[in-house]
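What follows is a single structure, written as structure tokens, with notes after it.
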Amino acid sequence: MKALRNYLDKIKPNFQEGGKLSMFHSVFDGFETFLFTPSTTSKTGVHIHDSIDSKRTMSVVILALLPALLFGMYNVGYQHYLAVGQLDATSFLTVFMFGFLAVLPKIVVSYGVGLGIEFVVAQWKKHEIQEGFLVSGMLIPMIVPIDTPLWMIAVATAFAVIFAKEIFGGTGMNIFNVALITRAFLFFAYPSMMSGDKVFVRTGDTFGMGAGTIVDGYSGATPLGQIATAADPSVAVVDVLGNPIGTWDYFVGLIPGSIGETSTLAILIGAVILLWTGIASWKTMGSVFIGGAFIVAIFNAFGGSAALETSVWDHLFLGGFAFGAVFMATDPVTSARTETGKYIYGFLVGVIAMLVRVVNPGYPEGMMLAILFMNVFAPLIDYIVVDANIKKRLKRAKVTKA
Amino acid sequence: METLNIFVKSIFIDNMVFAYFLGMCSYLAVSKNVKTAMGLGLAVTFVLAITLPVNYLLENFVLKAGALSWLGEGFANVDLSFLSFIMFIAVIASMVQLVEMVVEKFAPALYASLGIFLPLIAVNCAILGGSLFMQEKAFPNIIQATAYGVGSGLGWLLAIVGIAAIREKLTYSDIPAPLKGLGITFIVTGLMGIAFMSFLGIKL
């Protein structure tokens, strides 16, 4: 730590006014304040002294994402070796390394493209580098299928960072969740690479590792994909080899799906970190789950198709629902900001996610679109809540006057 | 049940703004604050709710091929559908006059802030579009046509109120100067369209 501080202090003059690298001052500043809490304070106006700032907030979110990410990496390897029939002969470490090597390029591309744009914009606008992309850049590789080509991630990330964030003025001013716009862009621009039963399990090798032929009877369909296409309401969901799986498997998460979203267990660990540190709002998070459970209970009462009859727990554990509820619906920038509004916002996210998942034949999963849809109406919810409060207080004022 | 389906469908799935991009001019111009947007949205909804059933009757008893057969055998072959545009517009324009008078009388502040866009509802493409879609969809009865009208209006209201709230929030955003105002509104509308695609393809 000390050596790092000394090194930073040594190279700092280069980046200051008049130094030979002064054009990169915002890059340096970004790294320095990321590594060490800045000691500068506001000189004018009222301010609150707190050890937490947005860089520290983002670091905690990254920490909360780690369990899901590490599990996702292991699961990528697990599904692959299961598909090629070598799981029993392969050590835990090899399985994890396979997944690690498969996911790492996506993280590098997402951060490279996103932070690259951030740096350019920060230099151009003479801003400091904003830290919001730290989390978005981690979310993006976690919500795509493992076989998404890297160039697609690069294009979609660039689109989302420019059109959903930078033109709104950067971190804290965007209306839509950047990671979700990336996912939606991929989903609508390259639908064949984003859904179906080919993309969620890597069947080829990664950098020459884990090559093998697919075993007979292999199917890479996700549980939600199977439920959506099932003709018979009492469908038996199976894993990639055709063995039946159930609620416990959905909870633990060794199932095909996007990289970070499969394990509700790992996501819950992240949720505990977020709630314990007070970074995410329990109001939003809880009401998403309540909204989802509520509408699924109604669907169960009607029944009639596989998706309608899947139980509440299964629906909550499957797909990106838990991941979206914990890490994306709670985004403090794009969700509702008033306290009452958070309940309404979360509840509607849960309801719409399940509605799209169950009622819309086109999409097996609806979490991404549900959160985007509610991003649109979050400002309206806030407006209505604030307006109602103003009216309530006006009424009270009149009573005391009379 | 069918009526309810048409109603829900016209609000969310066949949304006038996000599915057809109709009524954009007033959608873009009068969405600077939520109150005015709400007023215009209600006016549009009201006009749609009145004109659709009226136009439905016109269509089915005057304009459609063979619609005049209730007058007698000799009229069975008369097809007046070439008149539908002008008839629909005439009905819409007269309804808008009515709305304008009501708004001016009872909500003068709203009347002032809506300005030219209130009489211009008459040429709001979402409204003529509503009547023409009604003609194309050939609803079996007047109740469904009315449900379609009210639903389309509410969908448009939802869109304009949503963008108005976003634009109020965007006042605090640091938007690059060339994109301020309409530019950013177009981009937000496009992104909102992506969000509304969540309902695309739902069959009710």
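Every chain in the structure tokens has a letter given in the order shown (A, B, ...), and although residue numbers restart at 1 in each chain, ligands are simply numbered from 1 in the order shown.
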Quick check: residues of chain B within 10 Å of chain A, only C-alpha atoms, returned as a short mmCIF file (atom, residue, chain, number, x, y, z; two decimals) with N, CA and C atoms, in the first residue's frame.
```
data_model
loop_
_atom_site.label_atom_id
_atom_site.label_comp_id
_atom_site.auth_asym_id
_atom_site.auth_seq_id
_atom_site.Cartn_x
_atom_site.Cartn_y
_atom_site.Cartn_z
N VAL B 34 -45.22 17.63 -16.77
CA VAL B 34 -46.19 16.56 -16.62
C VAL B 34 -47.63 17.09 -16.64
N LEU B 158 -50.22 7.66 -21.63
CA LEU B 158 -49.14 7.03 -20.87
C LEU B 158 -47.79 7.44 -21.45
N ALA B 159 -47.71 7.41 -22.76
CA ALA B 159 -46.44 7.74 -23.42
C ALA B 159 -46.05 9.18 -23.16
N VAL B 161 -47.11 11.31 -20.83
CA VAL B 161 -46.86 11.61 -19.43
C VAL B 161 -45.52 11.02 -19.00
N GLY B 162 -45.22 9.80 -19.50
CA GLY B 162 -43.93 9.18 -19.18
C GLY B 162 -42.77 10.03 -19.67
N ILE B 163 -42.84 10.47 -20.92
CA ILE B 163 -41.71 11.25 -21.45
C ILE B 163 -41.65 12.61 -20.76
N ALA B 164 -42.81 13.15 -20.36
CA ALA B 164 -42.79 14.45 -19.69
C ALA B 164 -42.07 14.33 -18.36
N ALA B 165 -42.34 13.24 -17.61
CA ALA B 165 -41.66 13.07 -16.32
C ALA B 165 -40.16 12.90 -16.54
N ILE B 166 -39.80 12.14 -17.59
CA ILE B 166 -38.37 11.96 -17.88
C ILE B 166 -37.73 13.30 -18.23
N ARG B 167 -38.46 14.10 -19.04
CA ARG B 167 -37.86 15.39 -19.44
C ARG B 167 -37.73 16.33 -18.26
N GLU B 168 -38.69 16.24 -17.31
CA GLU B 168 -38.53 17.07 -16.10
C GLU B 168 -37.27 16.66 -15.35
N LYS B 169 -37.01 15.34 -15.31
CA LYS B 169 -35.83 14.85 -14.61
C LYS B 169 -34.55 15.22 -15.38
N LEU B 170 -34.67 15.24 -16.72
CA LEU B 170 -33.49 15.54 -17.54
C LEU B 170 -33.02 16.98 -17.39
N THR B 171 -33.89 17.83 -16.83
CA THR B 171 -33.48 19.22 -16.61
C THR B 171 -32.19 19.26 -15.81
N TYR B 172 -31.99 18.24 -14.95
CA TYR B 172 -30.80 18.25 -14.08
C TYR B 172 -29.63 17.52 -14.72
N SER B 173 -29.82 16.99 -15.93
CA SER B 173 -28.74 16.24 -16.56
C SER B 173 -27.85 17.15 -17.38
N ASP B 174 -26.61 16.71 -17.50
CA ASP B 174 -25.62 17.49 -18.23
C ASP B 174 -25.56 16.98 -19.67
N ILE B 175 -26.56 17.40 -20.45
CA ILE B 175 -26.66 16.90 -21.82
C ILE B 175 -25.81 17.77 -22.74
N PRO B 176 -25.07 17.16 -23.68
CA PRO B 176 -24.28 17.96 -24.62
C PRO B 176 -25.17 18.98 -25.35
N ALA B 177 -24.67 20.19 -25.51
CA ALA B 177 -25.49 21.29 -26.04
C ALA B 177 -26.24 20.96 -27.32
N LEU B 179 -27.57 18.35 -28.34
CA LEU B 179 -28.67 17.39 -28.16
C LEU B 179 -29.76 17.90 -27.24
N LYS B 180 -29.55 19.06 -26.63
CA LYS B 180 -30.54 19.56 -25.67
C LYS B 180 -31.89 19.73 -26.35
N ILE B 184 -32.42 15.00 -27.53
CA ILE B 184 -32.41 13.99 -26.48
C ILE B 184 -33.78 13.34 -26.35
N ILE B 187 -34.00 10.53 -28.74
CA ILE B 187 -33.22 9.36 -28.30
C ILE B 187 -33.94 8.65 -27.17
N VAL B 188 -34.47 9.42 -26.22
CA VAL B 188 -35.21 8.80 -25.11
C VAL B 188 -36.41 8.03 -25.66
N THR B 189 -37.11 8.63 -26.65
CA THR B 189 -38.27 7.94 -27.22
C THR B 189 -37.86 6.60 -27.83
N LEU B 191 -35.31 4.73 -26.94
CA LEU B 191 -35.02 3.79 -25.85
C LEU B 191 -36.31 3.33 -25.18
N MET B 192 -37.28 4.26 -25.06
CA MET B 192 -38.57 3.85 -24.49
C MET B 192 -39.24 2.81 -25.39
N GLY B 193 -39.06 3.00 -26.71
CA GLY B 193 -39.61 2.03 -27.65
C GLY B 193 -39.05 0.63 -27.40
N ILE B 194 -37.72 0.57 -27.09
CA ILE B 194 -37.11 -0.73 -26.76
C ILE B 194 -37.82 -1.32 -25.55
N ALA B 195 -38.06 -0.48 -24.53
CA ALA B 195 -38.69 -0.99 -23.31
C ALA B 195 -40.10 -1.49 -23.62
N PHE B 196 -40.81 -0.77 -24.50
CA PHE B 196 -42.18 -1.19 -24.81
C PHE B 196 -42.21 -2.45 -25.66
N MET B 197 -41.07 -2.81 -26.25
CA MET B 197 -41.04 -4.04 -27.04
C MET B 197 -41.24 -5.27 -26.17
N SER B 198 -41.19 -5.08 -24.84
CA SER B 198 -41.42 -6.24 -23.97
C SER B 198 -42.79 -6.85 -24.20
N PHE B 199 -43.73 -6.02 -24.67
CA PHE B 199 -45.09 -6.54 -24.84
C PHE B 199 -45.34 -7.00 -26.27
N LEU B 200 -44.36 -6.73 -27.15
CA LEU B 200 -44.54 -7.07 -28.55
C LEU B 200 -44.76 -8.56 -28.71
N GLY B 201 -45.78 -8.92 -29.46
CA GLY B 201 -45.97 -10.33 -29.75
C GLY B 201 -46.88 -11.05 -28.77
N ILE B 202 -47.31 -10.36 -27.70
CA ILE B 202 -48.25 -11.01 -26.78
C ILE B 202 -49.57 -11.20 -27.50
N LYS B 203 -50.07 -12.41 -27.45
CA LYS B 203 -51.36 -12.67 -28.08
C LYS B 203 -52.40 -12.77 -27.00
N LEU B 204 -53.40 -11.92 -27.09
CA LEU B 204 -54.45 -11.95 -26.07
C LEU B 204 -55.68 -12.62 -26.63
#
```
Problem - Ile129 of chain A environment, 8 Å, only C-alpha atoms, sequence neighbours closer than 3 positions dropped, as number ranges by chain - result: A: 26-27, 29-30, 118-119, 122
Practice task
Determine the nearest neighbour of Arg202 of chain A from the options A:Leu8, A:Ile146, A:Ala301, A:Leu101, counting only C-alpha atoms.
Solution key: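 Among A:Leu8, A:Ile146, A:Ala301, A:Leu101, it is A:Ile146 that comes nearest to Arg202 of chain A.
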Exercise for the section: May I have the residues within 12 Å of Ile143 of chain A as a ChimeraX atom specification, using only C-alpha atoms and disregarding those fewer than 2 positions away in the same chain? Expected result: /A:65,68-69,72,103,106-107,110,136-141,145-148,153,179-184,186-187,194,200,257-262,319-324,327-328,367-368
Could the residues in this selection be saved with N, CA and C atoms as a compact mmCIF listing (two decimals), in the first residue's frame?
```
# COMPACT_ATOMS: atom_id res chain seq x y z
N LEU A 65 -20.97 -8.72 -6.36
CA LEU A 65 -21.15 -9.47 -7.61
C LEU A 65 -20.23 -10.68 -7.68
N ALA A 68 -21.52 -14.44 -7.41
CA ALA A 68 -22.26 -14.85 -8.61
C ALA A 68 -21.32 -15.03 -9.79
N LEU A 69 -20.31 -14.15 -9.89
CA LEU A 69 -19.38 -14.24 -11.02
C LEU A 69 -18.55 -15.51 -10.93
N GLY A 72 -20.61 -18.40 -11.60
CA GLY A 72 -20.92 -18.43 -13.02
C GLY A 72 -19.78 -19.04 -13.82
N VAL A 103 -14.83 -16.72 -19.61
CA VAL A 103 -15.52 -15.49 -19.22
C VAL A 103 -14.59 -14.29 -19.28
N LYS A 106 -14.63 -11.69 -22.08
CA LYS A 106 -15.83 -10.86 -22.11
C LYS A 106 -15.69 -9.70 -21.13
N ILE A 107 -15.14 -9.98 -19.95
CA ILE A 107 -14.94 -8.91 -18.97
C ILE A 107 -13.96 -7.89 -19.52
N SER A 110 -15.64 -5.82 -22.29
CA SER A 110 -16.65 -4.90 -21.77
C SER A 110 -15.99 -3.72 -21.07
N SER A 136 -21.41 -1.41 -14.27
CA SER A 136 -22.02 -1.80 -15.55
C SER A 136 -21.11 -2.75 -16.30
N GLY A 137 -19.80 -2.44 -16.32
CA GLY A 137 -18.85 -3.25 -17.06
C GLY A 137 -18.74 -4.66 -16.52
N MET A 138 -19.04 -4.83 -15.23
CA MET A 138 -19.04 -6.16 -14.65
C MET A 138 -20.36 -6.86 -14.91
N LEU A 139 -21.44 -6.08 -14.91
CA LEU A 139 -22.76 -6.68 -15.14
C LEU A 139 -22.90 -7.21 -16.56
N ILE A 140 -22.34 -6.46 -17.52
CA ILE A 140 -22.56 -6.83 -18.93
C ILE A 140 -22.12 -8.26 -19.23
N PRO A 141 -20.85 -8.66 -18.89
CA PRO A 141 -20.50 -10.06 -19.18
C PRO A 141 -21.32 -11.07 -18.40
N PRO A 145 -25.26 -14.74 -22.71
CA PRO A 145 -24.94 -16.16 -22.84
C PRO A 145 -23.45 -16.35 -23.10
N ILE A 146 -22.92 -17.51 -22.72
CA ILE A 146 -21.48 -17.71 -22.77
C ILE A 146 -20.94 -17.67 -24.19
N ASP A 147 -21.74 -18.02 -25.18
CA ASP A 147 -21.21 -18.07 -26.54
C ASP A 147 -21.42 -16.78 -27.34
N THR A 148 -21.75 -15.68 -26.65
CA THR A 148 -21.87 -14.41 -27.35
C THR A 148 -20.51 -14.00 -27.91
N ILE A 153 -20.43 -7.98 -28.06
CA ILE A 153 -20.38 -7.32 -26.75
C ILE A 153 -19.78 -5.93 -26.91
N ALA A 179 -26.29 -1.46 -18.42
CA ALA A 179 -26.07 -2.88 -18.69
C ALA A 179 -27.29 -3.48 -19.38
N LEU A 180 -28.49 -3.04 -18.98
CA LEU A 180 -29.70 -3.60 -19.58
C LEU A 180 -29.90 -3.11 -21.00
N ILE A 181 -29.49 -1.87 -21.28
CA ILE A 181 -29.58 -1.40 -22.67
C ILE A 181 -28.63 -2.22 -23.53
N THR A 182 -27.45 -2.54 -23.00
CA THR A 182 -26.53 -3.41 -23.72
C THR A 182 -27.21 -4.74 -24.06
N ARG A 183 -27.82 -5.33 -23.04
CA ARG A 183 -28.47 -6.63 -23.21
C ARG A 183 -29.63 -6.52 -24.20
N ALA A 184 -30.42 -5.44 -24.09
CA ALA A 184 -31.56 -5.28 -24.98
C ALA A 184 -31.08 -5.08 -26.42
N LEU A 186 -28.31 -6.24 -27.75
CA LEU A 186 -27.91 -7.56 -28.23
C LEU A 186 -29.13 -8.40 -28.57
N PHE A 187 -30.12 -8.34 -27.69
CA PHE A 187 -31.30 -9.19 -27.82
C PHE A 187 -32.07 -8.88 -29.10
N MET A 194 -28.88 -14.73 -28.87
CA MET A 194 -29.24 -14.36 -27.50
C MET A 194 -30.28 -15.28 -26.90
N PHE A 200 -26.31 -21.16 -24.63
CA PHE A 200 -26.14 -21.05 -23.18
C PHE A 200 -25.13 -22.04 -22.61
N GLY A 257 -27.68 -21.25 -18.56
CA GLY A 257 -28.26 -19.90 -18.46
C GLY A 257 -27.17 -18.88 -18.74
N SER A 258 -27.53 -17.57 -18.68
CA SER A 258 -26.51 -16.54 -18.84
C SER A 258 -25.49 -16.69 -17.72
N ILE A 259 -24.28 -16.11 -17.92
CA ILE A 259 -23.15 -16.47 -17.07
C ILE A 259 -23.40 -16.28 -15.58
N GLY A 260 -23.86 -15.09 -15.19
CA GLY A 260 -23.91 -14.83 -13.75
C GLY A 260 -25.25 -15.07 -13.09
N GLU A 261 -26.27 -15.41 -13.87
CA GLU A 261 -27.62 -15.32 -13.34
C GLU A 261 -28.16 -16.64 -12.78
N THR A 262 -27.45 -17.77 -12.99
CA THR A 262 -28.09 -19.04 -12.72
C THR A 262 -28.25 -19.34 -11.24
N GLY A 319 -33.96 -18.30 -14.31
CA GLY A 319 -33.67 -17.20 -15.21
C GLY A 319 -32.99 -16.04 -14.50
N GLY A 320 -33.17 -14.85 -15.03
CA GLY A 320 -32.49 -13.69 -14.50
C GLY A 320 -33.28 -12.94 -13.45
N PHE A 321 -34.33 -13.55 -12.92
CA PHE A 321 -35.21 -12.79 -12.02
C PHE A 321 -34.48 -12.32 -10.77
N ALA A 322 -33.81 -13.29 -10.08
CA ALA A 322 -33.12 -12.93 -8.83
C ALA A 322 -31.99 -11.96 -9.12
N PHE A 323 -31.24 -12.22 -10.19
CA PHE A 323 -30.11 -11.35 -10.53
C PHE A 323 -30.60 -9.92 -10.79
N GLY A 324 -31.67 -9.82 -11.59
CA GLY A 324 -32.21 -8.50 -11.90
C GLY A 324 -32.73 -7.81 -10.66
N PHE A 327 -29.43 -6.90 -8.37
CA PHE A 327 -28.37 -6.01 -8.86
C PHE A 327 -28.84 -4.93 -9.82
N MET A 328 -30.00 -5.12 -10.46
CA MET A 328 -30.36 -4.15 -11.49
C MET A 328 -31.56 -3.30 -11.15
N MET A 367 -37.19 -10.36 -17.41
CA MET A 367 -36.66 -9.46 -16.38
C MET A 367 -36.01 -8.22 -16.98
N MET A 368 -35.20 -8.44 -18.02
CA MET A 368 -34.51 -7.31 -18.63
C MET A 368 -35.50 -6.26 -19.11
```
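One distance worth recording is that between atom CA of Glu131 of chain A and atom CA of Ile11 of chain A, which is 21.9 Å.
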Practice task
Tell me, in Å to one decimal, how far atom CA of Phe92 of chain A is from atom CA of Phe251 of chain A.
Solution key: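 Going from atom CA of Phe92 of chain A over to atom CA of Phe251 of chain A, I get 20.4 Å.
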Practice task
Apply DSSP to the backbone of this structure and, from segment 91-155 of chain B, keep only the residues in alpha helix (DSSP H); write these as a PyMOL selection string.
Solution key: chain B and resi 91-106+108-114+125-137+142-155
Practice task
Tell me which protein, DNA and RNA residues are within 10 Å of segment 88-101 of chain B, counting only C-alpha atoms, leaving out same-chain ones fewer than 3 positions away, and put them as number ranges by chain.
Solution key: B: 43-44, 46-48, 50-52, 54-56, 58-59, 83-85, 104-107, 111, 118-124, 127-128, 131-132
Can I get the selection written as a short mmCIF file (atom, residue, chain, number, x, y, z; two decimals), in the first residue's frame, with N, CA, C and O atoms?
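Final output, saved to out_34.cif:
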```
data_model
loop_
_atom_site.label_atom_id
_atom_site.label_comp_id
_atom_site.auth_asym_id
_atom_site.auth_seq_id
_atom_site.Cartn_x
_atom_site.Cartn_y
_atom_site.Cartn_z
N ALA B 43 -57.19 15.19 -23.24
CA ALA B 43 -57.97 15.73 -24.36
C ALA B 43 -57.94 14.76 -25.53
O ALA B 43 -58.99 14.48 -26.14
N VAL B 44 -56.76 14.21 -25.83
CA VAL B 44 -56.66 13.26 -26.94
C VAL B 44 -57.49 12.01 -26.66
O VAL B 44 -58.23 11.52 -27.53
N PHE B 46 -60.10 11.79 -24.78
CA PHE B 46 -61.51 12.14 -24.89
C PHE B 46 -61.96 12.20 -26.34
O PHE B 46 -62.99 11.61 -26.72
N VAL B 47 -61.16 12.86 -27.17
CA VAL B 47 -61.52 12.99 -28.58
C VAL B 47 -61.58 11.61 -29.24
O VAL B 47 -62.51 11.29 -29.98
N LEU B 48 -60.60 10.75 -28.91
CA LEU B 48 -60.61 9.40 -29.48
C LEU B 48 -61.85 8.63 -29.02
O LEU B 48 -62.48 7.91 -29.79
N ILE B 50 -64.74 9.73 -28.25
CA ILE B 50 -65.98 10.18 -28.88
C ILE B 50 -65.99 9.87 -30.37
O ILE B 50 -66.97 9.39 -30.92
N THR B 51 -64.84 10.16 -31.03
CA THR B 51 -64.86 10.07 -32.49
C THR B 51 -64.91 8.63 -32.98
O THR B 51 -65.49 8.36 -34.02
N LEU B 52 -64.31 7.70 -32.23
CA LEU B 52 -64.30 6.33 -32.74
C LEU B 52 -65.70 5.73 -32.88
O LEU B 52 -66.04 5.22 -33.94
N VAL B 54 -68.52 7.32 -33.17
CA VAL B 54 -69.25 8.08 -34.20
C VAL B 54 -68.80 7.63 -35.59
O VAL B 54 -69.61 7.34 -36.48
N ASN B 55 -67.47 7.56 -35.75
CA ASN B 55 -66.94 7.14 -37.04
C ASN B 55 -67.29 5.69 -37.35
O ASN B 55 -67.44 5.32 -38.50
N TYR B 56 -67.40 4.91 -36.28
CA TYR B 56 -67.78 3.51 -36.48
C TYR B 56 -69.17 3.42 -37.11
O TYR B 56 -69.41 2.69 -38.07
N LEU B 58 -70.70 5.83 -38.77
CA LEU B 58 -70.60 6.36 -40.13
C LEU B 58 -70.10 5.30 -41.10
O LEU B 58 -70.68 5.08 -42.17
N GLU B 59 -69.03 4.64 -40.68
CA GLU B 59 -68.41 3.62 -41.51
C GLU B 59 -69.39 2.52 -41.86
O GLU B 59 -69.52 2.12 -43.02
N LEU B 83 -65.00 8.45 -49.43
CA LEU B 83 -65.28 9.65 -48.63
C LEU B 83 -64.80 9.53 -47.19
O LEU B 83 -64.92 10.46 -46.42
N SER B 84 -64.22 8.36 -46.83
CA SER B 84 -64.01 8.14 -45.40
C SER B 84 -63.02 9.14 -44.79
O SER B 84 -63.25 9.62 -43.70
N PHE B 85 -61.96 9.48 -45.51
CA PHE B 85 -61.00 10.42 -44.93
C PHE B 85 -61.67 11.73 -44.55
O PHE B 85 -61.57 12.19 -43.42
N GLU B 104 -61.34 25.77 -22.57
CA GLU B 104 -61.19 27.22 -22.40
C GLU B 104 -62.06 27.72 -21.26
O GLU B 104 -61.67 28.58 -20.48
N LYS B 105 -63.26 27.13 -21.16
CA LYS B 105 -64.20 27.57 -20.14
C LYS B 105 -63.76 27.12 -18.74
O LYS B 105 -63.76 27.90 -17.79
N PHE B 106 -63.38 25.82 -18.62
CA PHE B 106 -63.19 25.27 -17.28
C PHE B 106 -61.74 25.21 -16.82
O PHE B 106 -61.47 25.08 -15.64
N ALA B 107 -60.76 25.21 -17.76
CA ALA B 107 -59.36 25.16 -17.35
C ALA B 107 -58.55 26.16 -18.17
O ALA B 107 -57.76 25.78 -19.02
N TYR B 111 -55.58 25.78 -21.01
CA TYR B 111 -55.83 26.28 -22.36
C TYR B 111 -54.67 27.14 -22.83
O TYR B 111 -54.19 27.01 -23.95
N LEU B 118 -53.84 22.55 -28.88
CA LEU B 118 -55.19 22.08 -28.61
C LEU B 118 -56.03 21.99 -29.90
O LEU B 118 -56.54 20.92 -30.23
N PRO B 119 -56.18 23.12 -30.66
CA PRO B 119 -56.88 22.97 -31.94
C PRO B 119 -56.19 22.00 -32.89
O PRO B 119 -56.85 21.35 -33.70
N LEU B 120 -54.89 21.88 -32.74
CA LEU B 120 -54.17 20.99 -33.66
C LEU B 120 -54.41 19.51 -33.38
O LEU B 120 -53.95 18.67 -34.13
N ILE B 121 -55.11 19.20 -32.26
CA ILE B 121 -55.49 17.80 -32.05
C ILE B 121 -56.26 17.31 -33.27
O ILE B 121 -56.19 16.14 -33.65
N ALA B 122 -56.97 18.24 -33.92
CA ALA B 122 -57.76 17.88 -35.09
C ALA B 122 -56.92 17.18 -36.15
O ALA B 122 -57.40 16.29 -36.85
N VAL B 123 -55.66 17.60 -36.28
CA VAL B 123 -54.81 16.95 -37.27
C VAL B 123 -53.76 16.07 -36.61
O VAL B 123 -52.75 15.74 -37.22
N ASN B 124 -54.00 15.70 -35.33
CA ASN B 124 -53.11 14.75 -34.67
C ASN B 124 -53.26 13.39 -35.35
O ASN B 124 -54.36 12.83 -35.40
N ILE B 127 -55.14 10.42 -33.85
CA ILE B 127 -56.59 10.37 -33.81
C ILE B 127 -57.18 9.90 -35.14
O ILE B 127 -58.03 9.01 -35.17
N LEU B 128 -56.68 10.50 -36.24
CA LEU B 128 -57.14 9.99 -37.53
C LEU B 128 -56.70 8.54 -37.68
O LEU B 128 -57.46 7.69 -38.18
N SER B 131 -59.14 6.16 -36.13
CA SER B 131 -60.31 5.89 -36.96
C SER B 131 -59.98 4.97 -38.12
O SER B 131 -60.74 4.07 -38.46
N LEU B 132 -58.80 5.20 -38.74
CA LEU B 132 -58.45 4.38 -39.90
C LEU B 132 -58.11 2.95 -39.50
O LEU B 132 -58.45 2.01 -40.20
#
```
Practice task
Tell me which protein, DNA and RNA residues are within 8 Å of segment 64-68 of chain B, counting only C-alpha atoms, leaving out same-chain ones fewer than 6 positions away, and put them as a ChimeraX atom specification.
Solution key: /B:75-81
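Counting from atom CA of Gly85 of chain A, the distance to atom CA of Leu70 of chain A is 22.5 Å.
Closest to Phe61 of chain B among B:Leu22, B:Ile142, B:Cys125, B:Ala49 is B:Ile142, based on only C-alpha atoms.
Minimum distance to Val30 of chain B across B:Ile116, B:Ala126, B:Met1, B:Val150 (counting only C-alpha atoms) occurs at B:Ile116.
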Handout entry: Residue contacts of Gly41 of chain B (7 Å, only C-alpha atoms) excluding same-chain residues fewer than 2 positions away, as a PyMOL selection string
Key = chain B and resi 37-39+43-45+156-157+160
Handout entry: Residue contacts of Ser10 of chain B (10 Å, only C-alpha atoms) excluding same-chain residues fewer than 5 positions away, as a list in words
Key =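 Result of the neighbour search: Leu4, Asn5, Asn15, Met16, Ala19, Gly130, Ala147, Tyr148, Gly149, Val150, Gly151, Ser152, Gly153, Leu154, Gly155 and Trp156 of chain B.
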Selected residues, C-alpha atoms, written as a PDB file, in the first residue's frame, please.
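Output file part07.pdb follows:
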```
ATOM      1  CA  LEU B   4     -60.995  -6.176 -22.596  1.00  0.00           C
ATOM      2  CA  ASN B   5     -58.301  -7.733 -24.802  1.00  0.00           C
ATOM      3  CA  ASN B  15     -49.216   1.681 -28.477  1.00  0.00           C
ATOM      4  CA  MET B  16     -49.836   4.671 -30.777  1.00  0.00           C
ATOM      5  CA  ALA B  19     -45.592   0.790 -32.023  1.00  0.00           C
ATOM      6  CA  GLY B 130     -57.349   5.524 -34.598  1.00  0.00           C
ATOM      7  CA  ALA B 147     -62.692   0.230 -26.236  1.00  0.00           C
ATOM      8  CA  TYR B 148     -60.088   0.530 -28.965  1.00  0.00           C
ATOM      9  CA  GLY B 149     -60.472   4.313 -28.997  1.00  0.00           C
ATOM     10  CA  VAL B 150     -60.202   4.730 -25.228  1.00  0.00           C
ATOM     11  CA  GLY B 151     -57.283   2.281 -25.069  1.00  0.00           C
ATOM     12  CA  SER B 152     -55.348   4.028 -27.834  1.00  0.00           C
ATOM     13  CA  GLY B 153     -55.925   7.347 -26.112  1.00  0.00           C
ATOM     14  CA  LEU B 154     -54.736   6.012 -22.755  1.00  0.00           C
ATOM     15  CA  GLY B 155     -51.683   4.476 -24.429  1.00  0.00           C
ATOM     16  CA  TRP B 156     -50.837   7.842 -25.930  1.00  0.00           C
TER      17      TRP B 156
END
```
